[in-house]
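Shown next: input-v6.cif, containing mmCIF, C-alpha atoms and all ligand atoms.
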data_protein
#
loop_
_atom_site.label_atom_id
_atom_site.label_comp_id
_atom_site.auth_asym_id
_atom_site.auth_seq_id
_atom_site.Cartn_x
_atom_site.Cartn_y
_atom_site.Cartn_z
CA MET A 1 0.00 0.00 0.00
CA ARG A 2 1.15 3.50 -0.82
CA SER A 3 2.46 5.47 2.09
CA PRO A 4 0.19 8.42 2.88
CA PHE A 5 3.36 10.52 3.04
CA HIS A 6 3.91 10.01 -0.69
CA SER A 7 1.14 12.39 -1.59
CA GLU A 8 2.33 15.00 0.83
CA PRO A 9 3.34 18.01 -1.22
CA PRO A 10 6.79 19.53 -0.76
CA TYR A 11 5.43 22.89 0.34
CA GLU A 12 4.27 21.28 3.59
CA HIS A 13 7.85 21.88 4.69
CA GLY A 14 7.17 25.59 4.49
CA GLN A 15 9.73 26.28 1.78
CA ALA A 16 7.50 26.70 -1.24
CA ALA A 17 4.22 28.05 0.06
CA ARG A 18 3.29 30.34 -2.80
CA THR A 19 0.75 33.07 -2.39
CA ALA A 20 -1.28 34.48 -5.26
CA VAL A 21 -3.92 37.10 -5.85
CA LEU A 22 -6.72 36.65 -8.37
CA LEU A 23 -8.22 39.98 -9.45
CA CYS A 24 -11.75 39.25 -10.68
CA ASN A 25 -13.82 41.51 -12.90
CA LEU A 26 -17.18 41.14 -14.59
CA GLY A 27 -16.05 40.23 -18.09
CA THR A 28 -16.69 41.51 -21.55
CA PRO A 29 -17.35 40.05 -25.01
CA ASP A 30 -14.36 38.80 -27.06
CA GLU A 31 -15.37 41.01 -30.01
CA PRO A 32 -17.98 43.71 -30.66
CA THR A 33 -20.07 41.38 -32.83
CA ALA A 34 -23.54 39.88 -32.40
CA PRO A 35 -22.30 36.24 -32.10
CA ALA A 36 -19.71 37.21 -29.45
CA LEU A 37 -22.36 39.21 -27.59
CA ARG A 38 -24.76 36.25 -27.74
CA ARG A 39 -22.13 34.02 -26.06
CA TYR A 40 -21.29 36.63 -23.42
CA LEU A 41 -24.86 37.69 -22.62
CA GLY A 42 -25.97 34.03 -22.68
CA GLN A 43 -23.51 33.23 -19.89
CA PHE A 44 -24.07 36.50 -17.97
CA LEU A 45 -27.86 36.52 -18.03
CA ALA A 46 -28.14 32.80 -17.19
CA ASP A 47 -26.49 33.49 -13.81
CA HIS A 48 -29.20 33.22 -11.16
CA ARG A 49 -27.31 35.80 -9.07
CA VAL A 50 -27.85 38.35 -11.84
CA VAL A 51 -31.44 37.57 -12.85
CA GLU A 52 -33.38 36.15 -9.94
CA ILE A 53 -36.40 35.00 -11.93
CA PRO A 54 -37.32 31.28 -11.78
CA ARG A 55 -35.80 29.42 -14.73
CA LEU A 56 -39.14 28.18 -15.99
CA ILE A 57 -40.22 31.78 -16.59
CA TRP A 58 -36.81 33.36 -17.43
CA TRP A 59 -35.49 30.77 -19.91
CA PRO A 60 -38.11 31.33 -22.65
CA ILE A 61 -37.69 35.12 -22.27
CA LEU A 62 -33.88 34.91 -22.37
CA HIS A 63 -33.61 32.47 -25.28
CA GLY A 64 -36.80 33.45 -27.14
CA ILE A 65 -36.48 37.25 -26.98
CA ILE A 66 -33.39 38.75 -25.30
CA LEU A 67 -30.68 36.67 -26.97
CA ARG A 68 -32.32 37.26 -30.34
CA VAL A 69 -32.64 41.04 -30.04
CA ARG A 70 -30.03 42.39 -27.62
CA PRO A 71 -26.74 41.00 -29.07
CA ALA A 72 -26.87 43.11 -32.24
CA LYS A 73 -27.88 46.26 -30.34
CA SER A 74 -25.22 45.78 -27.67
CA ALA A 75 -22.58 44.91 -30.31
CA ALA A 76 -23.13 48.30 -31.96
CA LYS A 77 -22.64 50.03 -28.60
CA TYR A 78 -19.48 48.03 -27.89
CA ALA A 79 -18.15 48.88 -31.37
CA SER A 80 -18.36 52.58 -30.43
CA ILE A 81 -15.98 52.14 -27.46
CA TRP A 82 -13.74 49.32 -28.77
CA GLY A 83 -10.04 50.25 -28.74
CA PRO A 84 -7.14 49.04 -30.90
CA ASP A 85 -6.35 46.45 -28.20
CA GLY A 86 -9.95 45.37 -27.64
CA SER A 87 -12.47 45.97 -24.89
CA PRO A 88 -11.50 48.78 -22.48
CA LEU A 89 -12.63 46.69 -19.49
CA ALA A 90 -10.30 43.84 -20.51
CA GLN A 91 -7.38 46.19 -21.18
CA TRP A 92 -7.66 48.02 -17.86
CA THR A 93 -8.15 44.83 -15.85
CA ARG A 94 -5.05 43.25 -17.42
CA LYS A 95 -3.02 46.38 -16.72
CA GLN A 96 -4.24 46.57 -13.11
CA GLY A 97 -3.03 42.97 -12.58
CA LEU A 98 0.44 43.74 -13.98
CA LEU A 99 0.76 46.95 -11.98
CA LEU A 100 -0.42 45.33 -8.75
CA GLN A 101 2.14 42.55 -9.23
CA GLY A 102 4.87 45.21 -9.59
CA TRP A 103 3.63 47.23 -6.60
CA LEU A 104 3.53 44.19 -4.33
CA GLY A 105 6.99 43.18 -5.52
CA GLU A 106 8.36 46.60 -4.62
CA ALA A 107 6.76 46.24 -1.18
CA GLY A 108 8.77 43.02 -0.73
CA HIS A 109 5.99 40.48 -1.37
CA ALA A 110 6.71 37.65 -3.78
CA VAL A 111 3.07 37.28 -4.74
CA TRP A 112 1.71 36.24 -8.12
CA VAL A 113 -1.13 38.29 -9.50
CA ARG A 114 -3.46 37.10 -12.24
CA HIS A 115 -6.75 38.49 -13.47
CA ALA A 116 -9.93 36.66 -14.41
CA MET A 117 -13.40 37.41 -15.69
CA ARG A 118 -16.65 36.11 -14.22
CA TYR A 119 -18.13 35.89 -17.74
CA GLY A 120 -16.04 35.36 -20.85
CA ASN A 121 -12.25 35.10 -20.86
CA PRO A 122 -9.96 34.41 -19.11
CA SER A 123 -12.37 32.48 -16.90
CA ILE A 124 -11.99 32.22 -13.14
CA ALA A 125 -11.62 28.41 -13.38
CA SER A 126 -8.86 28.61 -16.04
CA GLN A 127 -6.88 31.15 -14.01
CA LEU A 128 -7.22 29.14 -10.79
CA ASP A 129 -6.00 26.05 -12.70
CA ALA A 130 -3.05 28.08 -14.01
CA LEU A 131 -2.15 29.37 -10.53
CA LYS A 132 -2.30 25.88 -9.12
CA ALA A 133 -0.12 24.56 -11.95
CA GLU A 134 2.40 27.29 -11.13
CA GLY A 135 2.51 26.01 -7.56
CA ALA A 136 0.21 28.47 -5.76
CA THR A 137 -0.94 27.11 -2.43
CA ARG A 138 -2.75 30.16 -1.08
CA ILE A 139 -5.00 32.34 -3.20
CA LEU A 140 -6.65 35.63 -2.33
CA ILE A 141 -9.80 36.30 -4.37
CA LEU A 142 -10.08 40.05 -4.92
CA PRO A 143 -13.16 41.19 -6.88
CA LEU A 144 -12.75 44.52 -8.64
CA TYR A 145 -16.04 45.69 -7.09
CA PRO A 146 -15.54 48.04 -4.13
CA GLN A 147 -19.20 47.70 -3.09
CA TYR A 148 -20.46 44.21 -2.26
CA SER A 149 -23.45 42.98 -4.22
CA GLY A 150 -24.90 39.50 -4.43
CA THR A 151 -25.18 40.09 -8.20
CA THR A 152 -21.44 40.62 -8.67
CA THR A 153 -19.21 39.80 -5.67
CA ALA A 154 -21.12 36.70 -4.58
CA SER A 155 -21.29 35.51 -8.16
CA VAL A 156 -17.46 35.64 -8.35
CA PHE A 157 -17.34 33.60 -5.15
CA ASP A 158 -19.81 31.07 -6.65
CA ALA A 159 -17.43 30.54 -9.58
CA VAL A 160 -14.52 29.96 -7.17
CA TYR A 161 -16.56 27.50 -5.07
CA ALA A 162 -17.63 25.66 -8.23
CA TRP A 163 -13.96 25.30 -9.27
CA ALA A 164 -13.02 24.17 -5.75
CA SER A 165 -15.78 21.57 -5.76
CA ARG A 166 -14.11 19.96 -8.84
CA THR A 167 -10.58 20.22 -7.45
CA ARG A 168 -8.96 17.53 -5.33
CA ASN A 169 -6.21 19.48 -3.59
CA VAL A 170 -7.85 22.83 -2.94
CA PRO A 171 -5.48 25.69 -2.09
CA GLU A 172 -6.15 27.85 0.96
CA LEU A 173 -8.59 30.51 -0.17
CA ARG A 174 -9.43 33.94 1.14
CA PHE A 175 -12.09 36.30 -0.18
CA VAL A 176 -12.33 40.08 -0.12
CA ASN A 177 -16.00 41.06 0.23
CA HIS A 178 -15.69 44.82 -0.22
CA TYR A 179 -13.57 47.94 0.25
CA HIS A 180 -16.19 50.64 -0.38
CA ASP A 181 -14.91 52.74 2.56
CA HIS A 182 -11.19 51.98 2.30
CA PRO A 183 -9.24 55.25 2.80
CA GLY A 184 -6.93 54.48 -0.15
CA TYR A 185 -9.88 53.91 -2.50
CA ILE A 186 -11.66 57.09 -1.35
CA GLU A 187 -8.40 59.06 -1.66
CA ALA A 188 -7.80 57.81 -5.23
CA LEU A 189 -11.37 58.78 -6.21
CA ALA A 190 -11.02 62.20 -4.58
CA ARG A 191 -7.73 62.91 -6.34
CA SER A 192 -9.17 61.89 -9.71
CA VAL A 193 -11.97 64.44 -9.20
CA GLU A 194 -9.64 67.14 -7.87
CA GLU A 195 -7.27 66.72 -10.84
CA HIS A 196 -10.19 67.21 -13.18
CA TRP A 197 -11.31 70.30 -11.30
CA LYS A 198 -7.81 71.73 -11.26
CA ALA A 199 -7.76 71.56 -15.05
CA HIS A 200 -11.40 72.49 -15.78
CA GLY A 201 -12.81 74.30 -12.72
CA GLN A 202 -15.71 73.07 -10.60
CA PRO A 203 -19.23 72.14 -11.77
CA ASP A 204 -22.58 73.24 -10.36
CA GLN A 205 -23.28 69.62 -9.46
CA LEU A 206 -21.20 66.47 -9.13
CA VAL A 207 -23.19 63.34 -10.04
CA MET A 208 -21.84 60.10 -8.58
CA SER A 209 -23.36 57.38 -10.74
CA PHE A 210 -23.26 53.74 -9.56
CA HIS A 211 -24.44 50.67 -11.49
CA GLY A 212 -28.01 49.86 -10.42
CA VAL A 213 -29.53 46.63 -9.12
CA PRO A 214 -33.20 45.66 -8.66
CA GLU A 215 -34.69 47.46 -5.67
CA ARG A 216 -35.95 44.22 -4.16
CA THR A 217 -32.34 43.12 -3.51
CA LEU A 218 -32.10 45.98 -0.97
CA HIS A 219 -35.18 44.73 0.88
CA LEU A 220 -33.78 41.19 0.79
CA GLY A 221 -30.66 42.34 2.63
CA ASP A 222 -28.12 43.12 -0.11
CA PRO A 223 -25.76 45.81 1.30
CA TYR A 224 -24.99 47.31 -2.13
CA HIS A 225 -27.30 50.32 -1.74
CA CYS A 226 -25.88 51.25 1.67
CA GLU A 227 -22.26 50.70 0.63
CA SER A 228 -22.74 52.90 -2.44
CA HIS A 229 -24.20 55.63 -0.21
CA LYS A 230 -21.30 55.34 2.19
CA THR A 231 -18.75 55.62 -0.63
CA ALA A 232 -20.57 58.71 -1.94
CA ARG A 233 -20.71 60.36 1.49
CA LEU A 234 -17.01 59.69 2.18
CA LEU A 235 -16.03 61.00 -1.24
CA ALA A 236 -18.14 64.15 -0.77
CA GLU A 237 -16.66 64.72 2.69
CA ARG A 238 -13.15 64.28 1.38
CA LEU A 239 -13.89 66.78 -1.42
CA GLY A 240 -15.50 69.20 1.03
CA LEU A 241 -18.81 69.11 -0.89
CA ARG A 242 -22.00 70.11 0.87
CA PRO A 243 -24.97 67.74 0.28
CA ASP A 244 -26.60 70.20 -2.16
CA ARG A 245 -23.53 70.10 -4.46
CA TYR A 246 -23.71 66.39 -5.31
CA ARG A 247 -26.18 63.63 -6.18
CA LEU A 248 -25.90 59.85 -5.96
CA THR A 249 -27.67 58.10 -8.83
CA PHE A 250 -27.97 54.55 -10.21
CA GLN A 251 -27.53 53.71 -13.90
CA SER A 252 -27.83 50.77 -16.35
CA ARG A 253 -31.33 49.61 -15.47
CA PHE A 254 -32.23 46.31 -17.15
CA GLY A 255 -35.82 45.11 -17.69
CA LYS A 256 -39.11 46.45 -16.39
CA ALA A 257 -38.77 45.97 -12.62
CA LYS A 258 -38.06 48.84 -10.25
CA TRP A 259 -34.33 49.32 -9.68
CA LEU A 260 -32.55 51.47 -7.11
CA GLU A 261 -33.42 55.14 -7.53
CA PRO A 262 -32.81 57.87 -8.48
CA TYR A 263 -31.95 56.78 -12.01
CA THR A 264 -28.94 58.55 -13.56
CA GLU A 265 -30.25 59.68 -16.94
CA PRO A 266 -33.67 61.00 -15.80
CA THR A 267 -31.88 62.89 -13.00
CA LEU A 268 -29.52 64.52 -15.50
CA ILE A 269 -32.45 65.45 -17.76
CA GLU A 270 -34.25 67.01 -14.80
CA MET A 271 -31.10 68.96 -13.91
CA GLY A 272 -30.73 70.22 -17.48
CA ARG A 273 -34.39 71.32 -17.52
CA LYS A 274 -34.06 73.07 -14.16
CA GLY A 275 -31.18 75.17 -15.43
CA VAL A 276 -28.16 73.41 -13.96
CA ARG A 277 -25.44 74.71 -16.24
CA ARG A 278 -22.60 72.26 -15.72
CA VAL A 279 -22.50 68.72 -14.31
CA ASP A 280 -19.51 66.48 -13.79
CA VAL A 281 -20.18 62.75 -13.62
CA VAL A 282 -17.94 60.28 -11.82
CA CYS A 283 -18.66 56.52 -11.56
CA PRO A 284 -17.08 55.36 -8.27
CA GLY A 285 -18.45 51.80 -8.41
CA PHE A 286 -16.63 51.05 -11.68
CA THR A 287 -12.92 50.53 -11.22
CA SER A 288 -12.28 50.38 -14.99
CA ASP A 289 -13.81 52.30 -17.82
CA CYS A 290 -16.18 50.08 -19.75
CA LEU A 291 -19.33 50.10 -21.84
CA GLU A 292 -21.41 51.43 -18.94
CA THR A 293 -19.19 54.47 -18.40
CA LEU A 294 -17.84 55.25 -21.89
CA GLU A 295 -21.04 54.68 -23.84
CA GLU A 296 -23.93 54.97 -21.38
CA ILE A 297 -22.54 57.95 -19.43
CA ASN A 298 -20.07 59.71 -21.70
CA GLN A 299 -22.19 59.35 -24.84
CA GLU A 300 -25.89 58.75 -24.00
CA ALA A 301 -26.19 60.62 -20.69
CA ARG A 302 -24.08 63.50 -22.03
CA GLU A 303 -26.41 63.91 -24.98
CA ALA A 304 -29.51 63.67 -22.77
CA PHE A 305 -28.24 66.39 -20.38
CA LEU A 306 -27.21 68.77 -23.17
CA HIS A 307 -30.46 68.15 -25.03
CA ALA A 308 -32.44 69.00 -21.86
CA GLY A 309 -30.79 72.41 -21.65
CA GLY A 310 -27.54 71.74 -19.79
CA GLN A 311 -24.51 73.66 -21.06
CA GLU A 312 -21.48 71.62 -20.05
CA PHE A 313 -21.07 67.91 -19.30
CA HIS A 314 -17.79 66.53 -17.99
CA TYR A 315 -17.12 62.83 -17.57
CA ILE A 316 -14.39 62.03 -15.02
CA PRO A 317 -12.68 58.74 -15.98
CA CYS A 318 -12.59 55.66 -13.74
CA LEU A 319 -9.59 54.78 -11.58
CA ASN A 320 -8.14 52.54 -14.35
CA ASP A 321 -4.33 52.53 -13.98
CA ARG A 322 -3.97 55.51 -11.62
CA PRO A 323 -0.97 54.94 -9.31
CA ASP A 324 -3.02 56.00 -6.24
CA TRP A 325 -5.61 53.35 -7.11
CA ILE A 326 -2.98 50.62 -7.54
CA THR A 327 -1.55 51.71 -4.18
CA ALA A 328 -5.05 51.30 -2.69
CA LEU A 329 -5.46 47.85 -4.26
CA SER A 330 -2.07 46.90 -2.91
CA ALA A 331 -3.09 48.09 0.60
CA VAL A 332 -6.33 46.06 0.45
CA THR A 333 -4.32 43.04 -0.72
CA GLN A 334 -1.70 43.35 2.01
CA GLN A 335 -4.37 43.65 4.73
CA HIS A 336 -5.99 40.44 3.53
CA LEU A 337 -2.70 38.59 3.08
CA SER A 338 -1.80 39.20 6.71
CA GLY A 339 -0.55 36.00 8.30
CA TRP A 340 0.14 34.35 4.94
CA PRO A 341 3.85 34.05 4.14
CA THR A 342 4.73 36.08 1.07
CA ALA A 343 8.50 35.78 1.03
CA ALA A 344 10.03 34.32 -2.13
CA PRO A 345 10.24 30.54 -1.71
CA ASP A 346 13.29 28.39 -2.19
CA LYS A 347 13.71 27.84 -5.99
CA ALA A 348 14.20 24.07 -5.84
CA ALA A 349 11.20 23.60 -3.58
CA LEU A 350 9.08 25.72 -5.91
CA GLU A 351 10.14 23.67 -8.93
CA ALA A 352 9.29 20.52 -6.96
CA ALA A 353 5.82 21.95 -6.19
CA ARG A 354 5.30 22.73 -9.89
CA GLU A 355 6.40 19.23 -10.86
CA HIS A 356 3.92 17.90 -8.33
CA ALA A 357 1.16 19.93 -9.98
CA ARG A 358 2.27 18.87 -13.52
CA GLN A 359 2.23 15.20 -12.56
CA GLY A 360 -1.16 15.62 -10.92
CA GLY A 361 0.05 14.13 -7.64
CA ALA A 362 1.47 10.60 -7.68
CA PRO A 363 0.28 8.97 -10.92
CA ALA A 364 2.17 5.70 -10.67
CA GLY A 365 1.56 5.26 -6.98
CA ARG A 366 4.87 7.00 -6.39
CA CYS A 367 5.33 10.60 -5.58
CA PRO A 368 7.23 12.21 -8.51
CA VAL A 369 9.36 14.45 -6.35
CA ALA A 370 11.74 13.92 -3.49
CA HIS A 371 10.68 15.26 -0.11
C1 LIG B 1 -29.43 41.91 -15.80
C2 LIG B 1 -29.14 42.55 -14.72
C3 LIG B 1 -27.87 43.17 -14.37
C4 LIG B 1 -27.42 43.39 -13.07
C5 LIG B 1 -28.16 43.03 -11.79
C6 LIG B 1 -26.14 44.01 -13.16
C7 LIG B 1 -25.37 44.39 -12.06
C8 LIG B 1 -24.10 44.96 -12.13
N1 LIG B 1 -23.29 45.09 -13.26
C9 LIG B 1 -22.12 45.72 -12.90
C10 LIG B 1 -21.06 46.07 -13.74
C11 LIG B 1 -21.09 46.02 -15.14
N2 LIG B 1 -22.15 45.65 -15.93
C12 LIG B 1 -21.80 45.73 -17.25
C13 LIG B 1 -22.57 45.40 -18.35
C14 LIG B 1 -23.84 44.84 -18.29
N3 LIG B 1 -24.64 44.70 -17.19
C15 LIG B 1 -25.81 44.05 -17.52
C16 LIG B 1 -26.85 43.66 -16.66
C17 LIG B 1 -26.82 43.68 -15.25
N4 LIG B 1 -25.81 44.15 -14.47
C18 LIG B 1 -25.75 43.78 -18.94
C19 LIG B 1 -26.80 43.04 -19.74
C20 LIG B 1 -24.51 44.25 -19.41
C21 LIG B 1 -23.94 44.08 -20.82
C22 LIG B 1 -24.08 45.18 -21.70
C23 LIG B 1 -25.44 45.30 -22.27
O1 LIG B 1 -25.84 44.48 -23.11
O2 LIG B 1 -26.13 46.24 -21.86
C24 LIG B 1 -20.43 46.19 -17.32
C25 LIG B 1 -19.65 46.51 -18.58
C26 LIG B 1 -18.95 45.33 -19.22
C27 LIG B 1 -18.13 45.70 -20.41
O3 LIG B 1 -17.85 44.81 -21.21
O4 LIG B 1 -17.70 46.84 -20.63
C28 LIG B 1 -19.99 46.35 -16.01
C29 LIG B 1 -18.61 46.75 -15.55
C30 LIG B 1 -22.17 45.97 -11.49
C31 LIG B 1 -21.07 46.64 -10.69
C32 LIG B 1 -23.40 45.50 -11.02
C33 LIG B 1 -23.99 45.50 -9.67
C34 LIG B 1 -23.60 46.19 -8.67
FE FE B 2 -24.15 45.28 -15.25
FE FE B 3 -29.10 51.83 2.35
#
Could you render the structure as structure tokens?
Amino acid sequence: MRSPFHSEPPYEHGQAARTAVLLCNLGTPDEPTAPALRRYLGQFLADHRVVEIPRLIWWPILHGIILRVRPAKSAAKYASIWGPDGSPLAQWTRKQGLLLQGWLGEAGHAVWVRHAMRYGNPSIASQLDALKAEGATRILILPLYPQYSGTTTASVFDAVYAWASRTRNVPELRFVNHYHDHPGYIEALARSVEEHWKAHGQPDQLVMSFHGVPERTLHLGDPYHCESHKTARLLAERLGLRPDRYRLTFQSRFGKAKWLEPYTEPTLIEMGRKGVRRVDVVCPGFTSDCLETLEEINQEAREAFLHAGGQEFHYIPCLNDRPDWITALSAVTQQHLSGWPTAAPDKAALEAAREHARQGGAPAGRCPVAH
């Protein structure tokens, strides 16, 4: 009989414990085309965390109507924001991963950073497989959503649990729920607004627009509404804005149900009609520019405000690759890594751990590496 010690991995000796961070974002289509959108929306809108309608009712609507009509319309919107390197959300998320890896390295942590998408590519499962194959034994799951919502954060966690349920040797896992009130995050937001104001002066009103969710999620206990309000209050306080100088609104409503109010675009139209001359819009819940900020806010909402009588509309970009934002992400990461060793492991032990992962354990009843 095989000795139980044969399957004991080399990192048990403490030399090759390897810590990794998986930055998780929502995802985006591979191309701005109707077929790519159909694949992406098919995966996204089938998630019961996102649409909480019983399958029996939702499935015919999704497959019979939405996936026939929406892909072409959404593809045209994506085409209007697509860059030379693809989807802005994908580009910024990739860059944030690389920068965070560098920042953590400079702070003396030998931590791997990868990024993954909840829908589309690279998937959470494929990136967790890759980290494990590289020898990671401890993984911090860091969603790129500062405010917790069951529709986003918990859905990322679901994907991690689903991967873990199919994995024999599960690494140690930690999860970041939120950082909506983290001083580094608030500071980065405040500086992004202040830099804009330094260059362009101040507006009559600052609109802080967050992605919406159905209102019923608030009554069912989802903290997203409250966390968005706390972020907005902290940002306003840090900017020294009185309550009558800013508004919190919710955008991107989907379907006919009531979502969190006030809605962004109707609020901007009302402001334009009431004679507000200039508004600046910032989207603190989005950590990367994406369709919802570049098209819905900077194109559609801009036009709606100006058409309603507003004179000047300024869109303040998301945190993207701002150094103060990467510093904040690095601070959140370091707080959550506390107690996990992050020193560079012994090279030979690491190679042994990788070999272990490559061999898938002890295929011939014999452990492939020496302990
Ligand atoms: C169907 C319901 C939706 C809920 C609930 C929802 C919550 C939610 N979404 C984000 C962040 C993003 N959403 C983005 C796009 C997007 N969102 C929905 C629907 C819901 N979102 C759809 C159908 C789409 C796709 C575009 C479209 O067809 O309209 C994006 C942009 C992705 C990109 O590729 O650029 C982001 C980011 C949050 C934070 C959130 C809840 C808090
Ligand atoms: Fe969304
Ligand atoms: Fe609330």
What box, with edges along x, y and z, holds each listed atom of ligand LIG 1 (chain B) when 4 Å is added on every side, and can you state its centre and edge lengths in Å to one decimal, as JSON?
{"center_x": -23.6, "center_y": 44.4, "center_z": -15.9, "size_x": 19.7, "size_y": 12.9, "size_z": 22.4}
Residues of chain A within 8 Å of ligand FE 2 (chain B): nearest atom pair and distance (Å, one decimal) for each, counting all atoms listed in the file, sorted by chain and number, as a tab-separated table?
residue	atom	partner	partner_atom	distance
A:His211	CA	B:FE2	FE	6.6
A:Gly212	CA	B:FE2	FE	7.7
A:Ser252	CA	B:FE2	FE	6.7
A:Glu292	CA	B:FE2	FE	7.7
**Request:** Would you mind telling me which residue in A:Ala308, A:Leu98, A:Leu67, A:Ile81 lies nearest to Ala36 of chain A when using only C-alpha atoms?
**Result:**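 Once distances to Ala36 of chain A are computed over only C-alpha atoms, the minimum belongs to A:Leu67.
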**Request:** Point out the residue among A:Ala107, A:Pro223, A:Ala236, A:Asn121 with the least atom-to-atom distance to Arg94 of chain A, counting only C-alpha atoms.
**Result:**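 Ranked by minimum distance to Arg94 of chain A, first place goes to A:Asn121.
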**Message:** Please return as a ChimeraX atom specification the residues found within 6 Å of ligand LIG 1 (chain B), counting all atoms listed in the file.
**Reply:** /A:26-28,50-51,74,89,149,151-152,211-213,254,290-292
**Request:** Find the residues around segment 162-173 of chain A up to 6 Å (all atoms listed in the file counted), leave out those fewer than 2 positions away in its own chain, and share them as a ChimeraX atom specification.
**Result:** /A:125,137-140,159-160
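Near ligand FE 3 (chain B), at a distance of at most 9 Å and with only C-alpha atoms and all ligand atoms counted, sit the residues A:Leu218, A:Pro223, A:Tyr224, A:His225, A:Cys226, A:Glu227, A:Ser228, A:His229, A:Lys230.
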**Gap from atom CA of Gln299 of chain A to atom CA of Tyr179 of chain A - Å, one decimal** =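 Rounded to one decimal, the two atoms are 28.9 Å apart.
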**Asked** What lies within 12 Å of Gly201 of chain A using all atoms listed in the file, ignoring chain neighbours under 3 positions off, as a list in words?
**Response**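 My list of contacting residues is Val193, Glu194, Glu195, His196, Trp197, Lys198, Asp204, Gln205, Arg278, Val279, Asp280, Glu312 and His314 of chain A.
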**Message:** I want to know what sits within 10 Å of Pro29 of chain A, based on all atoms listed in the file, with residues of the same chain fewer than 3 positions away left out; could you give that as a PyMOL selection string?
**Reply:** chain A and resi 32-41+75+78+86-87+89-90+119-121
**Request:** Go ahead and compute the interatomic distance for atom CA of Glu265 of chain A and atom CA of Val207 of chain A, in Å to one decimal.
**Result:**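 Distance reported for this atom pair: 10.5 Å.
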**Item:** Computed interatomic separation between atom CA of Arg55 of chain A and atom CA of Ala154 of chain A (Å)
**Value:**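 Between atom CA of Arg55 of chain A and atom CA of Ala154 of chain A the gap works out to 19.3 Å.
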**Request:** Would you list the contacts of segment 334-341 of chain A as a PyMOL selection string, taking every protein, DNA or RNA residue within 12 Å and counting only C-alpha atoms, but skipping same-chain residues closer than 5 positions in sequence?
**Result:** chain A and resi 11+14-21+100-101+103-105+107-111+136-142+172-179+182+327-329
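Nearest residue to Ile326 of chain A among A:Lys258, A:Lys95, A:Lys132, A:Arg273 is A:Lys95, counting all atoms listed in the file.
Distances here use all atoms listed in the file; by that measure, the residue among A:Lys77, A:Gly310, A:Gly42, A:Gly135 closest to Trp59 of chain A is A:Gly42.
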**Request:** Identify which of the residues A:Lys73, A:Pro323, A:Pro345, A:Met271 lies closest to Gly102 of chain A, counting all atoms listed in the file when measuring atom-to-atom distances.
**Result:** A:Pro323
**A:Leu189, A:Gly272, A:Ala352, A:Ser330 ranked by distance to His307 of chain A, top pick (using only C-alpha atoms)** =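 For His307 of chain A, the nearest of the candidates is A:Gly272.
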**Message:** At a cut-off of 12 Å around the point (-11.8, 55.5, 3.7) (file coordinates), what residues fall inside when counting only C-alpha atoms? I'd like the answer as a ChimeraX atom specification.
**Reply:** /A:146,179-190,227,230-238,328,331-332
**Message:** Just want the 12 Å neighbourhood of Lys274 of chain A, counted on all atoms listed in the file, with same-chain residues fewer than 4 positions away dropped. Output as JSON, numbers by chain.
**Reply:** {"A": [267, 268, 269, 270, 278, 305, 308, 309, 310, 311]}
